[in-house]
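One structure is given below, encoded as structure tokens.
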Amino acid sequence: QRAGPSRSRVPMAERLNAEWLAPDLAPLSPRLMPLLLPHLEWTDIHRLSLAQRSCGRELVRAVHSRYLGDARFGVLNRLERLGPRLSRAQAAQARGSPEALASASGELTVLEQCSHVIAQNCQLYGELFEFLGFTVGDDLETYADSLLRVFDRVQSFVDAVQRLRATHNSQPHSNVSVRSVLREPFNYNSDDDVE
């Protein structure tokens with residue numbers, strides 16, 4: 001039997017560091033970069049790109065096609081999927097009932113977290129283009145235009161969420177509590193009450 005974890009259980013980053021970036025192994029094929037991209041951490045992307053320029057070029061192309069285009073995992077599609085949630089939060093906020101405001105608060109929390117992650121990812125895409133953009137040559141202008149278009153949409157979404165949060169915070173809230181909903185005290189028999 002082999003000692004240690006099996007190859008399938010070793011995290012992708014450790015396999016990259018231990019096997020693919022080792023100097024005694026053959027270079028990693030750039031054609032694999034679009035397949036590896038979803039599994040790589042940002043530090044691994046930078047390390048791999050420094051080790052092999054052709055891999056860096058393919059990673060920039062993969063980021064553009066996967067996240068900045070019209071792909072299923074793209075930023076614009078993520079924003080489209082968050083749009084109905086924003087609409088629900090706005091509608092709940094407009095109703096103004098305590099239950100609706102509580103619902104709007106929960107939706108706002110999710111929207112704020114999602115918009116933060118998306119904006120942070122866009123910033124990392126920009127840093128990647130700045131760091132490795134030279135590898136794609138004349139395509140960099142097209143890629144940068146796509147990134148700027150996505151930045152504008154993300155900023156508009158973040159602004160809408162922030163405006164809704166400001167409106168939510170400016171309204172008086174009545175604390176909705178289970179205890180306040182129940183008019184009578186909740187009586188129950190515990191084991192201590194048994195005589």
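Following the order of the structure tokens, chains are lettered A, B, ..., residues in each are numbered from 1, and ligands are numbered from 1.
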Wanna dump the segment 21-65 of chain A-segment 74-93 of chain A contacts at 12 Å for me, each residue with its shortest atom pair and the distance in Å to one decimal, counting only C-alpha atoms, ordered by chain and number, as CSV?
```
residue,atom,partner,partner_atom,distance
A:Ala62,CA,A:Gly74,CA,11.3
A:Val63,CA,A:Gly74,CA,9.3
A:His64,CA,A:Gly74,CA,9.0
A:Ser65,CA,A:Gly74,CA,8.2
```
Create the file for the chosen residues now, containing N, CA and C atoms and written as a short mmCIF file (atom, residue, chain, number, x, y, z; two decimals), in the first residue's frame.
```
data_model
loop_
_atom_site.label_atom_id
_atom_site.label_comp_id
_atom_site.auth_asym_id
_atom_site.auth_seq_id
_atom_site.Cartn_x
_atom_site.Cartn_y
_atom_site.Cartn_z
N ALA A 62 -8.53 32.76 -21.13
CA ALA A 62 -9.57 31.98 -20.46
C ALA A 62 -10.38 32.86 -19.51
N VAL A 63 -9.73 33.78 -18.80
CA VAL A 63 -10.46 34.70 -17.92
C VAL A 63 -11.40 35.56 -18.75
N HIS A 64 -10.91 36.04 -19.87
CA HIS A 64 -11.77 36.87 -20.72
C HIS A 64 -12.98 36.10 -21.23
N SER A 65 -12.76 34.91 -21.75
CA SER A 65 -13.89 34.18 -22.33
C SER A 65 -14.82 33.62 -21.27
#
```
Between A:Leu32, A:Leu128, A:Val154, A:Ala166, which is the closest to Leu50 of chain A once you count only C-alpha atoms? A:Leu128
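Pairwise distance (atom CA of His39 of chain A, atom CA of Gly56 of chain A) equals 15.2 Å.
Across the structure, atom CA of Thr135 of chain A and atom CA of His46 of chain A are spaced 13.0 Å apart.
Closest to Gln155 of chain A among A:Arg61, A:Arg31, A:His116, A:Arg72 is A:His116, based on only C-alpha atoms.
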Report, in Å to a single decimal, how far apart atom CA of Leu111 of chain A and atom CA of Ser170 of chain A are. 18.2 Å
Counting only C-alpha atoms, figure out which residue out of A:Ala119, A:Ile45, A:Leu68, A:Leu37 gets nearest to Val158 of chain A. A:Ala119
